[in-house]
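**Q** This is the structure I have questions about; it appears just below.
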Amino acid sequence: MQQLPNVVPGALNPPVAEKLSETNAAPHRPRILILYGSLRPQSFSRKLALEAQRLLEHLGAETRVFDPHELPLLDSVPASHPKVQELRQASLWSEGHVWISPERHGTLTALFKNQIDWLPLEEGSVRPTQGRTLAVMQVCGGSQSFNVVNALRVLGRWMRMVTIPNQSSVAKAWQEFDDEGRMKPSAYYDRVVDVMEELVKFTLLVRGRSDYLVDRYSERKGAVEAAALAAAAGVVETILNQEESA
């Protein structure tokens, strides 16, 4: 520690491989929440969400698809609103997310962003999205673009999520689904399968270990300093009590 004079002793320890081999994961299936970003009756992001759900269920996951209809704009109602609570409880239930949005004006839709904005970074001592895995996908009305998935990656990092390397962007989505709403065979479909498979693998890898993975020096340092202050306050209180009784 002599070479690191600015590091608080006891708050920084080398990572231990054995800690990553331990897991507190429950035996249940991986729990995945799917969010999509359009209210159109023929929403292609919703169709892709349902296709992702089918794949995830086949791969052994348990899924929930959140319906964004009737979710109020952020701060227009209290957080106790039933639709807000439904979304937050689904996030707490989940171990991983799938985010799917159309591209609108070069980025994700306001409808999708509103869903994420209702998820707080912290709620009491709980961080509703920290340590959860995330897969990002987008649907395009025209040629293939990666504006939305790039924006979603930034958003996922801000929400302290583990975003998997793979992603999917479906170009000309209107011609990639049949009349039954099922995605047609194509290289785009194959990539969606890749992404869902990878998400389940990463979720199995991370869950039960996320507390250790997101355990941070800065937070441990704060705990050490708080404990030192509490101990010092206790000593002062003891001295004052002794002086009063003398």
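Residue names in the structure tokens use chain letters A, B, ... in the order shown, residue numbers from 1 in each chain, and ligand numbers from 1 in the order shown.
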Would you kindly return, as a ChimeraX atom specification, each protein, DNA or RNA residue with an atom no farther than 8 Å from any atom of stretch 68-78 of chain A, considering only C-alpha atoms and excluding same-chain residues fewer than 2 positions away?

**A** /A:36-37,39,66,80-81,83-84,111,114-115,117-118

**Q** A:Glu176: which residues within 9 Å, counting only C-alpha atoms, same-chain residues fewer than 3 positions away excluded, as a short mmCIF file (atom, residue, chain, number, x, y, z; two decimals) with N, CA and C atoms, in the first residue's frame?

**A**
```cif
data_model
loop_
_atom_site.label_atom_id
_atom_site.label_comp_id
_atom_site.auth_asym_id
_atom_site.auth_seq_id
_atom_site.Cartn_x
_atom_site.Cartn_y
_atom_site.Cartn_z
N VAL A 170 -32.83 -4.84 -37.37
CA VAL A 170 -33.62 -5.45 -38.45
C VAL A 170 -34.01 -4.36 -39.45
N ALA A 171 -33.43 -4.42 -40.63
CA ALA A 171 -33.72 -3.42 -41.67
C ALA A 171 -35.03 -3.76 -42.38
N LYS A 172 -35.72 -2.70 -42.86
CA LYS A 172 -36.98 -2.88 -43.58
C LYS A 172 -37.87 -3.91 -42.87
N ALA A 173 -38.12 -3.61 -41.60
CA ALA A 173 -38.83 -4.58 -40.76
C ALA A 173 -40.20 -4.95 -41.32
N ARG A 182 -45.18 -13.44 -37.41
CA ARG A 182 -43.97 -14.21 -37.16
C ARG A 182 -42.83 -13.72 -38.06
N MET A 183 -41.63 -13.74 -37.52
CA MET A 183 -40.47 -13.29 -38.29
C MET A 183 -40.08 -14.35 -39.31
N LYS A 184 -39.83 -13.92 -40.53
CA LYS A 184 -39.47 -14.83 -41.61
C LYS A 184 -38.01 -15.29 -41.48
N PRO A 185 -37.70 -16.45 -42.07
CA PRO A 185 -36.30 -16.89 -42.07
C PRO A 185 -35.42 -15.89 -42.84
N SER A 186 -34.29 -15.53 -42.25
CA SER A 186 -33.37 -14.59 -42.89
C SER A 186 -32.12 -14.49 -42.03
N TYR A 188 -31.32 -11.76 -40.68
CA TYR A 188 -31.77 -10.95 -39.54
C TYR A 188 -32.33 -11.84 -38.44
N TYR A 189 -33.13 -12.83 -38.85
CA TYR A 189 -33.70 -13.74 -37.86
C TYR A 189 -32.58 -14.52 -37.16
#
```

**Q** Pull the closest atom pair for each residue of stretch 82-180 of chain A that gets at most 9 Å from stretch 41-53 of chain A, along with the distance in Å to one decimal, counting only C-alpha atoms, ordering rows by chain and then ascending residue number, as a Markdown table.

**A**
```
| residue | atom | partner | partner_atom | distance |
| --- | --- | --- | --- | --- |
| A:Val98 | CA | A:Ala49 | CA | 8.1 |
| A:Trp99 | CA | A:Ala49 | CA | 8.4 |
| A:Ile100 | CA | A:Ser45 | CA | 5.9 |
| A:Ser101 | CA | A:Ser45 | CA | 5.8 |
| A:Pro102 | CA | A:Ser45 | CA | 6.2 |
| A:Met137 | CA | A:Ser45 | CA | 8.8 |
| A:Gln138 | CA | A:Ser45 | CA | 7.2 |
| A:Val139 | CA | A:Ser45 | CA | 6.2 |
| A:Cys140 | CA | A:Phe44 | CA | 8.9 |
| A:Ala173 | CA | A:Phe44 | CA | 6.6 |
| A:Trp174 | CA | A:Phe44 | CA | 7.2 |
| A:Phe177 | CA | A:Lys47 | CA | 8.0 |
```

**Q** Looking at A:Thr203, A:Ala110, A:Asn150, A:Pro82, which one is nearest to A:Gly60, with distances taken over only C-alpha atoms?

**A**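 Result for the nearest residue to A:Gly60: A:Thr203.
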
**Q** Leaving out A:Thr23 and any residue of its chain fewer than 3 positions from it, which residues lie within 10 Å of it when counting only C-alpha atoms, given as a list in words?

**A**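 Close residues of A:Thr23: Glu18, Lys19, Leu20, Ala26, Leu205, Val206, Arg207, Gly208, Arg209, Ser210 and Tyr212 of chain A.
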
**Q** Hey, can you check how far atom CA of A:Tyr217 sits from atom CA of A:Gly131?

**A** 15.9 Å

**Q** Which residue out of A:Ala231, A:Asn241, A:Leu4, A:Val136 has the minimum interatomic distance to A:Arg191 when only C-alpha atoms are used?

**A**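 For A:Arg191, the nearest of the candidates is A:Val136.
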
**Q** Measuring between only C-alpha atoms, which one of A:Met161, A:Thr129, A:Leu12, A:Ala135 shows the shortest distance to A:Ala223?

**A** A:Leu12

**Q** Find the residue from A:Thr238, A:Gln85, A:Ser169, A:Gln3 that sits nearest to A:Gly141; use only C-alpha atoms when measuring.

**A**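 The closest residue to A:Gly141 is A:Ser169.
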
**Q** DSSP on the backbone: what in stretch 107-217 of chain A comes out strand (DSSP E or B), as a list in words?

**A**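 Result set for stretch 107-217 of chain A (strand (DSSP E or B)): Thr107, Glu123, Val126, Thr133, Leu134, Ala135, Val136, Met137, Gln138, Val139, Val162, Thr163, Ser168, Ser169, Val170, Phe177 and Met183 of chain A.
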
**Q** Taking C-alpha atoms for each residue, export the selection above as a tab-separated table (two decimals), in the first residue's frame.

**A**
```
chain	number	residue	atom	x	y	z
A	107	THR	CA	-32.71	7.60	-32.06
A	123	GLU	CA	-34.85	3.00	-4.50
A	126	VAL	CA	-32.11	-1.39	-3.90
A	133	THR	CA	-27.93	-8.42	-18.12
A	134	LEU	CA	-29.20	-6.56	-21.17
A	135	ALA	CA	-29.66	-7.32	-24.87
A	136	VAL	CA	-30.46	-4.45	-27.28
A	137	MET	CA	-32.25	-4.62	-30.63
A	138	GLN	CA	-33.88	-2.20	-33.04
A	139	VAL	CA	-36.24	-2.27	-36.00
A	162	VAL	CA	-24.24	-5.78	-18.10
A	163	THR	CA	-24.91	-5.29	-21.82
A	168	SER	CA	-29.60	-6.94	-33.67
A	169	SER	CA	-30.80	-4.33	-36.14
A	170	VAL	CA	-33.62	-5.45	-38.45
A	177	PHE	CA	-42.68	-10.48	-40.70
A	183	MET	CA	-40.47	-13.29	-38.29
```

**Q** Return the single residue from A:Leu229, A:Gly181, A:Val65, A:Ser245 that is closest to A:Ser94, with distances computed using only C-alpha atoms.

**A**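 Of all the options, A:Val65 lies closest to A:Ser94.
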
**Q** Mind listing the alpha helix (DSSP H) residues of stretch 57-223 of chain A, per DSSP on the backbone, as a VMD selection string?

**A** chain A and resid 57 to 58 82 to 93 110 to 117 147 to 158 187 to 206 210 to 213 217 to 223

**Q** Nearest residue to A:Asp190 out of A:Leu55, A:Gly10, A:Asn147, A:Arg88, using only C-alpha atoms?

**A**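 Among the listed residues, the smallest separation from A:Asp190 belongs to A:Leu55.
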